[in-house]
Amino acid sequence: MSDRIKVAVLGAGIGLSHIEAYAELSDLYEVIYVCDLDPEKAKAGAALAKGARPVSAVADVLSDPSVDLVDICLPPHLHSSMTVAALDAGKHVVCEKPIAGSMVEVHHIAAAAKRAARQVFPVFQY
């Protein structure tokens, strides 16, 4: 049994940098999905992490109980709703900035994290 954190990356744009970083830390993380609406982008992203599966549907990622962490690298207007959806599915979340568009959305994320007993890690690379 692996102790590595099983990761799904949503978005194969900036997400490619995230996948490369996880691959460098393969003793700690295992990227098992790369999800992008463009199947070719998902496939290219999955090729960066040994064993990762390319998918085009977020539902495939969220319904898989083996996913521990969802890394959200989607357009900013989707960050809040996808963070809440991932939390509601019982996943921890890494989310690119901005994590939300308003304080109301931040409160929704905080409530979802509390309900799910999961953590949210906003990206801040400085």
# chains A, B, ... in the order shown; residues from 1 in each chain; ligands from 1
>>> residues_around(residues="A:Asp38", least_positions_apart="2", cutoff="10 Å", atoms="only C-alpha atoms", output="compact mmCIF listing (two decimals) with N, CA and C atoms, in the first residue's frame")
# COMPACT_ATOMS: atom_id res chain seq x y z
N GLY A 11 -7.30 20.96 -14.97
CA GLY A 11 -6.80 22.03 -15.82
C GLY A 11 -5.37 21.78 -16.24
N ALA A 12 -5.15 21.60 -17.53
CA ALA A 12 -3.83 21.28 -18.05
C ALA A 12 -3.19 22.48 -18.75
N CYS A 35 -7.29 16.23 -15.59
CA CYS A 35 -8.62 16.50 -16.16
C CYS A 35 -8.60 17.83 -16.91
N ASP A 36 -9.01 17.78 -18.16
CA ASP A 36 -9.15 18.99 -18.97
C ASP A 36 -10.25 18.75 -19.99
N GLU A 40 -6.85 16.32 -25.66
CA GLU A 40 -5.43 16.33 -26.02
C GLU A 40 -4.58 16.97 -24.93
N LYS A 41 -5.10 18.05 -24.33
CA LYS A 41 -4.38 18.69 -23.22
C LYS A 41 -4.31 17.75 -22.01
N ALA A 42 -5.42 17.06 -21.73
CA ALA A 42 -5.43 16.10 -20.62
C ALA A 42 -4.40 15.00 -20.86
N LYS A 43 -4.34 14.53 -22.08
CA LYS A 43 -3.39 13.46 -22.43
C LYS A 43 -1.95 13.95 -22.29
N PRO A 54 -5.66 10.50 -18.27
CA PRO A 54 -6.31 11.72 -18.77
C PRO A 54 -7.83 11.53 -18.78
N VAL A 55 -8.55 12.52 -18.29
CA VAL A 55 -10.01 12.50 -18.32
C VAL A 55 -10.51 13.89 -18.68
N SER A 56 -11.77 13.94 -19.13
CA SER A 56 -12.36 15.23 -19.50
C SER A 56 -13.52 15.62 -18.59
>>> select_by_dssp(residues="chain A", states="helix (DSSP H, G or I)", output="JSON, numbers by chain")
{"A": [15, 16, 17, 18, 19, 20, 21, 22, 23, 24, 39, 40, 41, 42, 43, 44, 45, 46, 58, 59, 60, 61, 62, 76, 77, 78, 79, 80, 81, 82, 83, 84, 85, 86, 87, 88, 103, 104, 105, 106, 107, 108, 109, 110, 111, 112, 113, 114, 115, 116]}
>>> closest_atom_pairs(of="stretch 12-82 of chain A", to="stretch 91-114 of chain A", cutoff="7 Å", atoms="only C-alpha atoms", output="CSV")
residue,atom,partner,partner_atom,distance
A:Val67,CA,A:Lys91,CA,6.9
A:Asp68,CA,A:Lys91,CA,5.4
A:Leu69,CA,A:His92,CA,4.6
A:Val70,CA,A:Val93,CA,4.9
A:Asp71,CA,A:Val94,CA,4.6
A:Ile72,CA,A:Cys95,CA,4.7
A:Cys73,CA,A:Glu96,CA,5.6
A:Pro76,CA,A:Pro98,CA,6.3
A:His79,CA,A:Ile99,CA,5.6
A:Ser80,CA,A:Ala100,CA,5.1
>>> atom_distance(atom1="atom CA of A:Ala46", atom2="atom CA of A:His77")
24.1 Å
>>> closest_residue(among="A:Ala57, A:Ile32, A:Ala85, A:Leu48", to="A:Leu16", atoms="only C-alpha atoms")
A:Leu48
>>> closest_residue(among="A:Ser26, A:Asp64, A:Ala117, A:Val58", to="A:Met82", atoms="only C-alpha atoms")
A:Val58
>>> closest_residue(among="A:Ile5, A:Leu62, A:Val34, A:Leu87", to="A:His18", atoms="only C-alpha atoms")
A:Val34
>>> select_by_dssp(residues="chain A", states="strand (DSSP E or B)", output="list in words")
Ile5, Lys6, Val7, Ala8, Val9, Leu10, Tyr29, Glu30, Val31, Ile32, Tyr33, Val34, Cys35, Arg53, Pro54, Val55, Leu69, Val70, Asp71, Ile72, His92, Val93, Val94, Cys95, Val120, Phe121 and Pro122 of chain A
>>> atom_distance(atom1="atom CA of A:Ile19", atom2="atom CA of A:Arg115")
28.3 Å
